[in-house]
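Coordinates as given in input_2.txt (compact mmCIF, C-alpha atoms):
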# COMPACT_ATOMS: atom_id res chain seq x y z
CA MET A 26 54.71 110.19 -136.31
CA ASP A 27 51.96 111.03 -138.79
CA VAL A 28 52.04 107.46 -140.07
CA LEU A 29 51.70 106.13 -136.52
CA ALA A 30 48.79 108.45 -135.81
CA LEU A 31 47.16 107.36 -139.06
CA CYS A 32 47.57 103.70 -138.12
CA PHE A 33 46.00 104.27 -134.69
CA GLY A 34 43.19 106.23 -136.34
CA LEU A 35 42.51 103.42 -138.79
CA LEU A 36 42.62 100.87 -135.98
CA GLY A 37 40.08 102.93 -134.04
CA LEU A 38 37.82 103.15 -137.05
CA LEU A 39 38.06 99.40 -137.60
CA LEU A 40 37.21 98.71 -133.96
CA ALA A 41 34.27 101.11 -134.10
CA ALA A 42 33.08 99.56 -137.37
CA GLY A 43 33.43 96.09 -135.87
CA LEU A 44 31.40 97.10 -132.82
CA LEU A 45 28.68 98.63 -134.99
CA LEU A 46 28.62 95.49 -137.14
CA LEU A 47 28.33 93.36 -134.00
CA VAL A 48 25.42 95.47 -132.76
CA PHE A 49 23.73 95.20 -136.15
CA ILE A 50 24.17 91.41 -136.24
CA MET A 51 22.90 91.03 -132.67
CA PHE A 52 19.93 93.25 -133.50
CA LYS A 53 19.00 90.93 -136.35
CA ILE A 54 19.69 87.66 -134.54
CA PRO A 55 17.26 87.83 -131.57
CA LYS A 56 14.11 86.43 -133.15
CA LEU A 57 11.34 86.69 -130.65
CA PRO A 58 8.33 84.39 -130.25
CA ALA A 59 5.03 85.95 -131.31
CA GLU A 60 3.75 85.91 -127.71
CA ILE A 61 6.54 88.18 -126.42
CA ASP A 62 5.26 91.55 -125.24
CA SER A 63 7.13 94.87 -125.70
CA ARG A 64 8.98 93.36 -128.64
CA ARG A 65 11.23 96.28 -129.56
CA ALA A 66 12.21 96.91 -125.94
CA THR A 67 12.83 93.19 -125.42
CA GLN A 68 15.05 92.94 -128.48
CA LYS A 69 17.01 96.01 -127.41
CA PHE A 70 17.39 94.55 -123.91
CA LEU A 71 18.76 91.24 -125.22
CA ILE A 72 21.30 93.13 -127.32
CA GLN A 73 22.38 95.21 -124.33
CA THR A 74 22.85 92.18 -122.09
CA GLY A 75 24.83 90.43 -124.83
CA LEU A 76 27.09 93.46 -125.26
CA PHE A 77 27.58 93.75 -121.49
CA ALA A 78 28.73 90.13 -121.30
CA LEU A 79 31.09 90.67 -124.26
CA LEU A 80 32.56 93.84 -122.75
CA MET A 81 33.17 92.11 -119.43
CA LYS A 82 35.09 89.34 -121.21
CA ILE A 83 37.15 91.90 -123.12
CA LYS A 84 37.78 93.79 -119.87
CA GLY A 85 39.01 90.54 -118.32
CA MET A 86 41.52 90.07 -121.14
CA TRP A 87 42.76 93.59 -120.40
CA ASN A 88 42.93 93.58 -116.57
CA GLY A 89 43.30 89.86 -115.93
CA LYS A 90 40.32 89.68 -113.55
CA PRO A 91 37.68 86.91 -113.74
CA TYR A 92 34.44 87.66 -115.57
CA LEU A 93 32.37 87.64 -112.38
CA VAL A 94 34.64 90.13 -110.64
CA ASN A 95 34.47 92.58 -113.54
CA ALA A 96 30.70 92.17 -113.83
CA ARG A 97 30.19 92.80 -110.11
CA GLU A 98 32.47 95.84 -110.08
CA SER A 99 30.80 97.37 -113.12
CA ALA A 100 27.28 96.73 -111.80
CA ASN A 101 28.13 98.14 -108.37
CA PHE A 102 29.63 101.24 -110.01
CA TRP A 103 26.59 101.97 -112.20
CA MET A 104 23.91 100.81 -109.77
CA LYS A 105 24.87 102.52 -106.55
CA PRO A 106 22.23 102.76 -103.81
CA LYS A 107 20.57 106.10 -103.16
CA PRO A 108 21.34 108.17 -100.04
CA SER A 109 19.69 107.28 -96.75
CA VAL A 110 16.94 109.85 -97.28
CA VAL A 111 15.53 110.49 -100.75
CA THR A 112 13.47 113.57 -101.61
CA GLY A 113 9.78 112.71 -101.70
CA SER A 114 10.20 109.37 -99.92
CA LYS A 115 8.85 108.62 -96.44
CA VAL A 116 11.50 105.93 -95.96
CA LYS A 117 15.10 106.13 -94.76
CA SER A 118 17.78 103.47 -95.08
CA SER A 119 20.90 102.41 -93.20
CA VAL A 120 23.47 99.61 -93.27
CA ARG A 121 23.40 97.41 -90.18
CA ASP A 122 24.89 94.25 -88.77
CA PHE A 123 22.47 91.40 -88.03
CA ASP A 124 24.37 88.73 -86.12
CA GLY A 125 27.45 89.16 -88.30
CA VAL A 126 25.51 89.60 -91.55
CA ALA A 127 25.38 92.96 -93.33
CA VAL A 128 21.88 94.17 -94.23
CA ARG A 129 20.28 97.29 -95.66
CA PHE A 130 17.58 98.41 -93.24
CA TYR A 131 14.59 100.48 -94.44
CA GLU A 132 12.17 102.12 -92.03
CA PRO A 133 9.64 105.00 -91.99
CA ILE A 134 11.19 108.41 -91.35
CA SER A 135 8.31 109.25 -89.06
CA ARG A 136 7.16 106.31 -86.96
CA GLU A 137 3.80 106.67 -85.22
CA ARG A 138 3.10 103.00 -84.53
CA ASN A 139 4.85 100.03 -82.96
CA ASP A 140 3.00 97.30 -84.83
CA LEU A 141 4.42 97.84 -88.31
CA PRO A 142 4.61 95.11 -90.94
CA GLY A 143 8.06 93.78 -91.80
CA LEU A 144 9.64 92.08 -94.80
CA ILE A 145 12.96 90.29 -95.19
CA PHE A 146 14.30 90.41 -98.75
CA MET A 147 16.87 88.11 -100.39
CA HIS A 148 18.19 89.38 -103.70
CA GLY A 149 18.72 87.42 -106.88
CA GLY A 150 21.76 87.08 -109.12
CA GLY A 151 22.41 83.35 -109.48
CA PHE A 152 23.95 83.17 -105.98
CA MET A 153 27.05 84.80 -107.50
CA PHE A 154 25.96 88.30 -108.45
CA GLY A 155 23.92 91.17 -107.07
CA SER A 156 23.85 92.94 -103.72
CA ALA A 157 21.48 94.68 -101.36
CA GLY A 158 22.82 97.97 -102.71
CA MET A 159 21.94 97.09 -106.31
CA TYR A 160 18.39 96.23 -105.19
CA ASP A 161 17.93 99.53 -103.34
CA PRO A 162 15.23 100.90 -105.73
CA ILE A 163 13.14 97.74 -105.31
CA THR A 164 13.47 97.28 -101.56
CA ARG A 165 12.98 100.99 -100.91
CA LYS A 166 9.76 100.88 -102.95
CA ILE A 167 8.55 97.82 -101.04
CA ALA A 168 9.14 99.63 -97.75
CA GLU A 169 7.08 102.57 -99.02
CA VAL A 170 4.28 100.27 -100.19
CA ILE A 171 3.91 98.34 -96.93
CA GLY A 172 4.57 101.37 -94.73
CA GLY A 173 6.82 99.28 -92.56
CA VAL A 174 10.34 97.89 -92.19
CA VAL A 175 12.27 96.05 -94.89
CA VAL A 176 15.55 94.20 -94.34
CA SER A 177 17.60 93.40 -97.43
CA VAL A 178 20.25 90.74 -96.76
CA ASP A 179 23.76 91.17 -98.22
CA TYR A 180 24.61 87.47 -98.08
CA ARG A 181 27.96 86.02 -99.15
CA LEU A 182 28.30 85.08 -102.81
CA ALA A 183 29.62 82.01 -104.60
CA PRO A 184 31.96 80.75 -105.92
CA GLU A 185 34.14 82.38 -103.25
CA HIS A 186 31.57 81.37 -100.64
CA PRO A 187 29.67 78.30 -101.89
CA PHE A 188 26.65 76.69 -100.24
CA PRO A 189 25.71 76.86 -97.42
CA ALA A 190 27.31 80.29 -96.80
CA GLY A 191 24.60 82.38 -98.49
CA PHE A 192 21.79 80.33 -96.97
CA ASP A 193 23.32 80.52 -93.51
CA ASP A 194 23.58 84.31 -93.79
CA CYS A 195 19.94 84.65 -94.81
CA LEU A 196 18.78 82.35 -92.01
CA ALA A 197 20.91 84.13 -89.39
CA ALA A 198 19.68 87.59 -90.47
CA THR A 199 16.06 86.40 -90.47
CA LYS A 200 16.32 84.89 -86.98
CA HIS A 201 17.95 88.09 -85.71
CA PHE A 202 15.14 90.18 -87.15
CA PHE A 203 12.45 88.05 -85.55
CA LYS A 204 14.19 88.17 -82.17
CA HIS A 205 14.43 91.97 -82.28
CA CYS A 206 11.18 92.80 -84.08
CA LYS A 207 9.70 94.77 -81.21
CA GLU A 208 12.82 96.93 -80.96
CA TYR A 209 12.23 97.92 -84.59
CA GLY A 210 8.55 98.63 -83.98
CA VAL A 211 7.50 95.56 -86.00
CA ASP A 212 4.72 93.14 -85.16
CA PRO A 213 6.35 89.66 -85.42
CA THR A 214 3.06 88.19 -86.66
CA ARG A 215 3.15 90.54 -89.70
CA VAL A 216 6.50 89.55 -91.21
CA ALA A 217 6.93 88.25 -94.77
CA ILE A 218 9.97 86.61 -96.32
CA CYS A 219 10.62 87.52 -99.95
CA GLY A 220 13.19 86.75 -102.63
CA ASP A 221 13.57 86.90 -106.39
CA SER A 222 15.25 84.35 -108.68
CA ALA A 223 18.10 82.76 -106.67
CA GLY A 224 16.88 84.85 -103.75
CA GLY A 225 13.56 83.05 -104.12
CA ASN A 226 15.43 79.81 -103.54
CA LEU A 227 16.97 81.20 -100.37
CA ALA A 228 13.65 82.64 -99.19
CA ALA A 229 11.78 79.37 -99.73
CA GLY A 230 14.51 77.41 -97.95
CA VAL A 231 14.56 79.79 -94.98
CA VAL A 232 10.76 79.62 -94.67
CA GLN A 233 10.88 75.83 -94.69
CA GLU A 234 13.61 75.84 -92.06
CA LEU A 235 11.69 78.22 -89.77
CA CYS A 236 8.48 76.20 -90.12
CA ASP A 237 10.13 72.84 -89.62
CA LYS A 238 8.59 70.72 -86.87
CA THR A 239 11.73 70.98 -84.72
CA ASN A 240 11.93 74.77 -84.93
CA ALA A 241 8.18 75.07 -84.32
CA ALA A 242 8.61 73.14 -81.08
CA LYS A 243 11.31 75.62 -80.04
CA GLY A 244 8.87 78.48 -80.42
CA MET A 245 10.49 80.00 -83.49
CA PHE A 246 8.44 82.79 -85.02
CA ARG A 247 6.46 81.82 -88.08
CA PRO A 248 6.43 84.10 -91.16
CA LYS A 249 3.02 85.39 -92.12
CA LEU A 250 3.72 85.12 -95.83
CA GLN A 251 6.31 83.86 -98.32
CA ILE A 252 6.77 85.84 -101.52
CA LEU A 253 8.68 84.10 -104.30
CA LEU A 254 9.37 86.16 -107.42
CA TYR A 255 10.29 84.06 -110.49
CA PRO A 256 12.09 81.70 -108.07
CA LEU A 257 14.75 79.08 -108.75
CA LEU A 258 13.51 76.18 -106.63
CA GLN A 259 15.51 73.25 -107.99
CA MET A 260 18.71 72.63 -109.98
CA LEU A 261 18.20 69.03 -111.06
CA ASP A 262 15.59 69.19 -113.79
CA LEU A 263 16.55 71.36 -116.78
CA LYS A 264 13.90 69.60 -118.89
CA THR A 265 10.72 71.09 -117.41
CA PRO A 266 8.19 72.40 -119.95
CA SER A 267 9.42 75.96 -119.36
CA TYR A 268 13.03 74.99 -120.04
CA GLN A 269 11.97 73.17 -123.20
CA ARG A 270 9.80 76.08 -124.33
CA HIS A 271 12.57 78.60 -123.74
CA ASP A 272 15.09 76.41 -125.58
CA ALA A 273 12.71 76.04 -128.53
CA ALA A 274 12.13 79.79 -128.68
CA PHE A 275 15.65 81.12 -128.04
CA GLY A 276 18.04 78.18 -128.20
CA ILE A 277 19.83 76.54 -125.27
CA SER A 278 22.23 79.50 -124.96
CA GLY A 279 19.90 82.28 -126.08
CA GLY A 280 17.43 84.66 -124.50
CA PHE A 281 17.92 86.11 -121.03
CA MET A 282 19.25 83.64 -118.47
CA PRO A 283 19.33 80.57 -120.76
CA THR A 284 19.51 76.91 -119.79
CA THR A 285 23.30 76.89 -120.11
CA SER A 286 23.60 79.62 -117.47
CA ILE A 287 21.79 77.44 -114.91
CA SER A 288 24.02 74.43 -115.66
CA TRP A 289 27.08 76.70 -115.39
CA MET A 290 25.91 78.27 -112.14
CA THR A 291 24.88 75.11 -110.29
CA PRO A 292 28.28 73.49 -109.58
CA ARG A 293 29.85 76.85 -108.74
CA TYR A 294 27.16 77.60 -106.17
CA LEU A 295 27.15 74.13 -104.66
CA THR A 296 30.90 73.45 -104.55
CA GLY A 297 32.67 76.68 -105.52
CA GLN A 298 34.21 74.90 -108.51
CA LYS A 299 33.32 74.26 -112.12
CA ASP A 300 32.29 70.66 -112.84
CA GLY A 301 32.04 69.78 -116.51
CA SER A 302 30.63 66.31 -115.88
CA LEU A 303 27.80 67.68 -113.72
CA THR A 304 27.05 70.44 -116.23
CA LYS A 305 26.88 67.86 -119.03
CA ALA A 306 24.62 65.56 -117.01
CA LEU A 307 22.21 68.39 -116.15
CA LEU A 308 21.95 69.57 -119.75
CA LYS A 309 21.35 66.03 -120.93
CA GLY A 310 18.81 65.20 -118.22
CA ALA A 311 20.89 62.14 -117.40
CA LEU A 312 20.23 62.22 -113.65
CA HIS A 313 16.42 62.06 -113.79
CA SER A 314 16.25 58.27 -113.65
CA TYR A 315 18.54 58.07 -110.62
CA ALA A 316 16.62 60.82 -108.81
CA ALA A 317 13.22 59.25 -109.51
CA GLN A 318 14.22 56.18 -107.49
CA GLU A 319 15.02 58.15 -104.35
CA LYS A 320 11.57 59.29 -103.23
CA ASP A 321 8.06 59.67 -104.62
CA VAL A 322 8.07 63.46 -104.60
CA LEU A 323 11.04 63.48 -106.97
CA LYS A 324 9.43 60.95 -109.29
CA ASP A 325 6.17 62.92 -109.33
CA ALA A 326 7.90 66.24 -109.96
CA LEU A 327 10.00 64.85 -112.80
CA THR A 328 6.88 63.73 -114.68
CA HIS A 329 5.73 67.39 -114.72
CA ASP A 330 2.13 66.45 -113.98
CA CYS A 331 1.88 69.58 -111.82
CA VAL A 332 2.36 71.76 -114.89
CA PRO A 333 -0.93 72.46 -116.75
CA ALA A 334 -1.12 71.17 -120.31
CA LYS A 335 -1.66 74.71 -121.64
CA LEU A 336 1.85 75.61 -120.48
CA LYS A 337 3.50 72.80 -122.43
CA CYS A 338 4.65 73.77 -125.92
CA GLU A 339 4.36 71.56 -129.01
CA ALA A 340 8.03 70.60 -128.74
CA TYR A 341 7.63 69.34 -125.16
CA ALA A 342 8.79 65.78 -124.48
CA ILE A 343 8.43 63.97 -121.14
CA PRO A 344 11.94 63.19 -119.77
CA LEU A 345 12.83 59.55 -119.29
CA VAL A 346 12.93 58.45 -115.65
CA SER A 347 13.31 54.70 -116.14
CA GLU A 348 16.47 54.20 -118.21
CA HIS A 349 19.80 54.66 -116.40
CA ASP A 350 22.89 55.96 -118.16
CA PRO A 351 25.67 54.12 -116.28
CA SER A 352 28.28 56.65 -117.40
CA PHE A 353 26.68 59.23 -115.10
CA LYS A 354 26.35 57.08 -111.99
CA GLU A 355 29.45 58.58 -110.36
CA VAL A 356 28.12 62.09 -111.05
CA TRP A 357 24.82 61.17 -109.43
CA GLU A 358 26.50 59.81 -106.31
CA ARG A 359 28.29 63.14 -105.87
CA PHE A 360 25.17 65.18 -106.63
CA LYS A 361 22.65 63.04 -104.72
CA PRO A 362 23.16 64.55 -101.21
CA LEU A 363 22.61 68.02 -102.69
CA VAL A 364 19.44 67.00 -104.52
CA LEU A 365 18.02 65.61 -101.29
CA ASP A 366 18.87 68.77 -99.33
CA ASN A 367 15.76 70.96 -99.18
CA LYS A 368 17.88 74.01 -98.38
CA ILE A 369 19.14 73.68 -101.96
CA MET A 370 16.06 72.29 -103.67
CA PRO A 371 12.99 73.46 -101.70
CA LEU A 372 10.66 72.28 -104.47
CA TYR A 373 11.37 68.69 -103.47
CA LYS A 374 10.49 68.95 -99.77
CA GLU A 375 8.00 66.22 -98.95
CA ASP A 376 5.87 67.85 -96.25
CA LEU A 377 4.75 71.37 -97.18
CA GLY A 378 1.69 71.49 -94.94
CA ARG A 379 3.32 73.61 -92.22
CA LEU A 380 4.23 76.49 -94.51
CA PRO A 381 2.57 79.95 -94.57
CA PRO A 382 0.54 81.26 -97.53
CA ALA A 383 2.53 82.01 -100.66
CA TYR A 384 2.50 84.62 -103.41
CA ILE A 385 4.42 83.30 -106.41
CA LEU A 386 5.16 85.43 -109.46
CA THR A 387 6.41 83.71 -112.62
CA CYS A 388 7.39 84.88 -116.10
CA ASP A 389 5.99 83.23 -119.19
CA PHE A 390 9.25 83.04 -121.19
CA ASP A 391 11.52 82.07 -118.31
CA VAL A 392 13.26 78.73 -117.82
CA LEU A 393 12.33 78.98 -114.12
CA ARG A 394 8.61 79.45 -114.73
CA ASP A 395 7.66 75.88 -113.87
CA ASP A 396 9.64 75.84 -110.65
CA GLY A 397 7.12 78.39 -109.35
CA VAL A 398 4.16 76.73 -111.08
CA MET A 399 4.91 73.31 -109.58
CA TYR A 400 5.62 74.72 -106.13
CA ALA A 401 2.32 76.59 -106.11
CA GLU A 402 0.48 73.41 -107.09
CA ARG A 403 2.26 71.31 -104.47
CA LEU A 404 1.47 73.89 -101.79
CA LYS A 405 -2.21 73.81 -102.74
CA GLN A 406 -2.22 70.02 -102.62
CA ALA A 407 -0.77 70.28 -99.09
CA GLY A 408 -3.58 72.60 -98.05
CA VAL A 409 -1.51 75.80 -98.13
CA GLU A 410 -2.96 78.92 -99.74
CA ALA A 411 -0.92 79.86 -102.81
CA VAL A 412 -1.52 82.71 -105.25
CA LEU A 413 0.20 82.13 -108.60
CA GLU A 414 0.63 85.10 -110.95
CA ASN A 415 2.10 84.12 -114.34
CA CYS A 416 3.05 87.14 -116.47
CA LYS A 417 2.24 86.49 -120.12
CA GLY A 418 4.94 87.29 -122.66
CA ALA A 419 7.46 88.21 -119.95
CA LEU A 420 11.15 87.43 -119.51
CA HIS A 421 12.95 86.59 -116.28
CA GLY A 422 13.70 89.38 -113.82
CA LEU A 423 10.82 91.70 -114.65
CA LEU A 424 10.97 93.82 -111.48
CA PHE A 425 14.22 95.33 -112.73
CA PHE A 426 12.90 96.42 -116.11
CA PRO A 427 10.44 99.34 -116.03
CA GLN A 428 10.70 99.73 -119.81
CA PHE A 429 8.51 96.67 -120.33
CA LYS A 430 4.73 96.77 -120.21
CA TRP A 431 4.60 93.39 -118.53
CA GLY A 432 7.00 94.58 -115.82
CA GLN A 433 4.81 97.56 -115.01
CA ILE A 434 1.67 95.43 -114.80
CA ALA A 435 3.35 92.81 -112.60
CA LYS A 436 4.69 95.41 -110.17
CA LYS A 437 1.26 97.00 -109.78
CA LYS A 438 -0.29 93.62 -108.96
CA PHE A 439 2.55 92.71 -106.61
CA TYR A 440 2.40 95.99 -104.70
CA ALA A 441 -1.39 95.82 -104.48
CA TYR A 442 -1.14 92.32 -103.01
CA LEU A 443 1.46 93.45 -100.46
CA SER A 444 -0.70 96.40 -99.37
CA GLU A 445 -3.75 94.18 -98.94
CA VAL A 446 -2.26 91.14 -97.23
CA LEU A 447 0.67 92.41 -95.18
Can you dump the structure from the file as structure tokens?
Amino acid sequence: MDVLALCFGLLGLLLAAGLLLLVFIMFKIPKLPAEIDSRRATQKFLIQTGLFALLMKIKGMWNGKPYLVNARESANFWMKPKPSVVTGSKVKSSVRDFDGVAVRFYEPISRERNDLPGLIFMHGGGFMFGSAGMYDPITRKIAEVIGGVVVSVDYRLAPEHPFPAGFDDCLAATKHFFKHCKEYGVDPTRVAICGDSAGGNLAAGVVQELCDKTNAAKGMFRPKLQILLYPLLQMLDLKTPSYQRHDAAFGISGGFMPTTSISWMTPRYLTGQKDGSLTKALLKGALHSYAAQEKDVLKDALTHDCVPAKLKCEAYAIPLVSEHDPSFKEVWERFKPLVLDNKIMPLYKEDLGRLPPAYILTCDFDVLRDDGVMYAERLKQAGVEAVLENCKGALHGLLFFPQFKWGQIAKKKFYAYLSEVL
């Protein structure tokens, strides 16, 4: 018995030593570019996210559940929403049903007006992660800042519910809100649509759908403002200057939300299945030449002329759009209808002139930076007011990380803009 206890004790020590060694190695490995702000906090954060991913994989080996399921369960356990009423807050929350879609509804505890501003929020998480409950601190704060009503949409997640399930949920909840604005004491001419990361994709797509010529003719309400926070606006081009800069700084699989994560996410969101051939084609940039032949807006976007030269690193190389790789033709034929669907890739919509003003927040060291940069430029070219705020030295997802200086600065600017415009 003593021998058995000794063996278990030694095994525990070895596991602990191995974990400490892993932490030490990971602490040394993340080499950060000189421009990164809050360096120690950033390095610590990258280690923590790496350890979380490792622990979820180990947990899967133990309980047999997929990685995503374990990650969701753990995040929902540790990031539970606050009660309806929080001490010191003038906002209360509730869970409601908007035309079959669950939402978290935030409103002033004491309502003295019936012309309040409103905001519809679509959370991020790569279309496969996150929830309205996890985003409670952010959406509650937004409701306090605008002094109005905020609706956070709990849309269905991939791969269990691939496109268009999540988009349809967001569109249905948004239409429901507009139809019932006056019941909630909200002025329908003071409603913004907002989303971060993948939620930015959904928000941009919903705005485009609402402002489409057909819907406009039907008298559909028009959002006053679109707010896109470090948005994912296309899934074709993983060779933009920001992707190339991030890869040069962290490696294709390094940093926070690397290039490989986008190529892994894309087929699962679009079809609910993994697709190795599509992932390979995206990482290689093999579909650019096929896409460039489809319409001018794709060809123009793939040249990256909308991205200022100062945002292109020394390692940047313009992707080829003239030479076809015949081995990827079949992949392109499968992917083509999705590339041409603006509900998936709102960056590539041809006519942007009907859209409302935009506030776009991007992060300097983020593969998605240029999605926002190019969209802002295309909106301006279409005559639409667009404010672009690029956070220097920042990583993706900054609203969630109060430990970073750049996150604090960005939130102050964002909240000030909301208070002024909405």
Kindly extract all protein, DNA and RNA residues lying within 7 Å of the coordinates (7.5, 85.9, -101.1) given in the file, considering all atoms listed in the file, and supply them as a PyMOL selection string. chain A and resi 217-220+250-254+383-385
Restricting it to C-alpha atoms, dump the selection as an mmCIF file, keeping the file's coordinate frame.
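To be explicit, this is the file written out as part.cif:
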data_model
loop_
_atom_site.group_PDB
_atom_site.id
_atom_site.type_symbol
_atom_site.label_atom_id
_atom_site.label_comp_id
_atom_site.auth_asym_id
_atom_site.auth_seq_id
_atom_site.Cartn_x
_atom_site.Cartn_y
_atom_site.Cartn_z
ATOM 1 C CA ALA A 217 6.930 88.250 -94.770
ATOM 2 C CA ILE A 218 9.970 86.610 -96.320
ATOM 3 C CA CYS A 219 10.620 87.520 -99.950
ATOM 4 C CA GLY A 220 13.190 86.750 -102.630
ATOM 5 C CA LEU A 250 3.720 85.120 -95.830
ATOM 6 C CA GLN A 251 6.310 83.860 -98.320
ATOM 7 C CA ILE A 252 6.770 85.840 -101.520
ATOM 8 C CA LEU A 253 8.680 84.100 -104.300
ATOM 9 C CA LEU A 254 9.370 86.160 -107.420
ATOM 10 C CA ALA A 383 2.530 82.010 -100.660
ATOM 11 C CA TYR A 384 2.500 84.620 -103.410
ATOM 12 C CA ILE A 385 4.420 83.300 -106.410
#
Please provide as a PyMOL selection string all residues within 10 Å of Gly125 in chain A, with the sequence filter that same-chain residues fewer than 3 positions apart are discarded (counting all atoms listed in the file). chain A and resi 121-122+128+194+197-198+201
Take the residues just selected and output them with C-alpha atoms as a compact mmCIF listing (two decimals), keeping the file's coordinate frame.
# COMPACT_ATOMS: atom_id res chain seq x y z
CA ARG A 121 23.40 97.41 -90.18
CA ASP A 122 24.89 94.25 -88.77
CA VAL A 128 21.88 94.17 -94.23
CA ASP A 194 23.58 84.31 -93.79
CA ALA A 197 20.91 84.13 -89.39
CA ALA A 198 19.68 87.59 -90.47
CA HIS A 201 17.95 88.09 -85.71
Residue nearest Glu98 in chain A - candidates A:Pro58, A:Pro351, A:Pro283, A:Gly85, atoms counted: only C-alpha atoms: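 Once distances to Glu98 in chain A are computed over only C-alpha atoms, the minimum belongs to A:Gly85.
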Which residue gives the smallest distance to Phe203 in chain A among A:Lys354, A:Lys117, A:Arg215, A:Lys324, with only C-alpha atoms counted?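 Residue with the minimum atom-to-atom distance to Phe203 in chain A: A:Arg215.
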Polymer residues at most 9 Å from His148 in chain A, all atoms listed in the file, same-chain spacing of 3 or more positions, as a ChimeraX atom specification: /A:152,155-157,159-160,177-180,219-225,227
Just C-alpha atoms for this one: save the residues we selected as a compact mmCIF listing (two decimals), in the frame of the given file.
# COMPACT_ATOMS: atom_id res chain seq x y z
CA PHE A 152 23.95 83.17 -105.98
CA GLY A 155 23.92 91.17 -107.07
CA SER A 156 23.85 92.94 -103.72
CA ALA A 157 21.48 94.68 -101.36
CA MET A 159 21.94 97.09 -106.31
CA TYR A 160 18.39 96.23 -105.19
CA SER A 177 17.60 93.40 -97.43
CA VAL A 178 20.25 90.74 -96.76
CA ASP A 179 23.76 91.17 -98.22
CA TYR A 180 24.61 87.47 -98.08
CA CYS A 219 10.62 87.52 -99.95
CA GLY A 220 13.19 86.75 -102.63
CA ASP A 221 13.57 86.90 -106.39
CA SER A 222 15.25 84.35 -108.68
CA ALA A 223 18.10 82.76 -106.67
CA GLY A 224 16.88 84.85 -103.75
CA GLY A 225 13.56 83.05 -104.12
CA LEU A 227 16.97 81.20 -100.37
Applying 10 Å and only C-alpha atoms, which residues near Thr296 in chain A remain after dropping the ones on its own chain fewer than 5 positions away? List them as a PyMOL selection string. chain A and resi 183-189+291
Separation of CA of Asp237 in chain A and CA of Phe154 in chain A, in Å? 29.1 Å
Using only C-alpha atoms, which protein or nucleic acid residues come within 9 Å of Lys417 in chain A? Drop anything in the same chain fewer than 5 positions from it, and give the result as a list of chain:residue names. A:Glu60, A:Ile61, A:Asp62, A:Cys388, A:Asp389, A:Phe390, A:Trp431
Residue neighbourhood Arg379 in chain A, 10 Å, all atoms listed in the file, exclusion window fewer than 6 positions, as an mmCIF file with C-alpha atoms, in the coordinates of the input:
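Contents of the output file result24.cif:
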data_model
loop_
_atom_site.group_PDB
_atom_site.id
_atom_site.type_symbol
_atom_site.label_atom_id
_atom_site.label_comp_id
_atom_site.auth_asym_id
_atom_site.auth_seq_id
_atom_site.Cartn_x
_atom_site.Cartn_y
_atom_site.Cartn_z
ATOM 1 C CA VAL A 232 10.760 79.620 -94.670
ATOM 2 C CA GLN A 233 10.880 75.830 -94.690
ATOM 3 C CA LEU A 235 11.690 78.220 -89.770
ATOM 4 C CA CYS A 236 8.480 76.200 -90.120
ATOM 5 C CA ASP A 237 10.130 72.840 -89.620
ATOM 6 C CA LYS A 238 8.590 70.720 -86.870
ATOM 7 C CA ALA A 241 8.180 75.070 -84.320
ATOM 8 C CA ARG A 247 6.460 81.820 -88.080
ATOM 9 C CA LEU A 404 1.470 73.890 -101.790
ATOM 10 C CA ALA A 407 -0.770 70.280 -99.090
ATOM 11 C CA GLY A 408 -3.580 72.600 -98.050
ATOM 12 C CA VAL A 409 -1.510 75.800 -98.130
#
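Nearest to Lys437 in chain A of all the residues A:Val170, A:Leu312, A:Val346, A:Val332 is A:Val170, counting all atoms listed in the file.
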As a JSON list (two decimals), in the frame of the given file, could you write out range 56-64 of chain A once it has been completed with N, CA and C atoms?
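File written: part-v1.json
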[["chain", "number", "residue", "atom", "x", "y", "z"],
["A", 56, "LYS", "N", 15.45, 86.60, -132.60],
["A", 56, "LYS", "CA", 14.11, 86.43, -133.15],
["A", 56, "LYS", "C", 13.18, 86.04, -132.00],
["A", 57, "LEU", "N", 12.20, 86.87, -131.80],
["A", 57, "LEU", "CA", 11.34, 86.69, -130.65],
["A", 57, "LEU", "C", 10.07, 85.92, -130.99],
["A", 58, "PRO", "N", 9.61, 85.07, -130.07],
["A", 58, "PRO", "CA", 8.33, 84.39, -130.25],
["A", 58, "PRO", "C", 7.19, 85.41, -130.38],
["A", 59, "ALA", "N", 6.14, 85.02, -131.07],
["A", 59, "ALA", "CA", 5.03, 85.95, -131.31],
["A", 59, "ALA", "C", 4.37, 86.41, -130.01],
["A", 60, "GLU", "N", 4.43, 85.57, -128.96],
["A", 60, "GLU", "CA", 3.75, 85.91, -127.71],
["A", 60, "GLU", "C", 4.49, 86.93, -126.86],
["A", 61, "ILE", "N", 5.75, 87.23, -127.20],
["A", 61, "ILE", "CA", 6.54, 88.18, -126.42],
["A", 61, "ILE", "C", 5.93, 89.57, -126.48],
["A", 62, "ASP", "N", 5.78, 90.19, -125.32],
["A", 62, "ASP", "CA", 5.26, 91.55, -125.24],
["A", 62, "ASP", "C", 6.41, 92.54, -125.31],
["A", 63, "SER", "N", 6.11, 93.82, -125.62],
["A", 63, "SER", "CA", 7.13, 94.87, -125.70],
["A", 63, "SER", "C", 8.29, 94.40, -126.57],
["A", 64, "ARG", "N", 8.01, 94.04, -127.79],
["A", 64, "ARG", "CA", 8.98, 93.36, -128.64],
["A", 64, "ARG", "C", 10.24, 94.19, -128.90]]
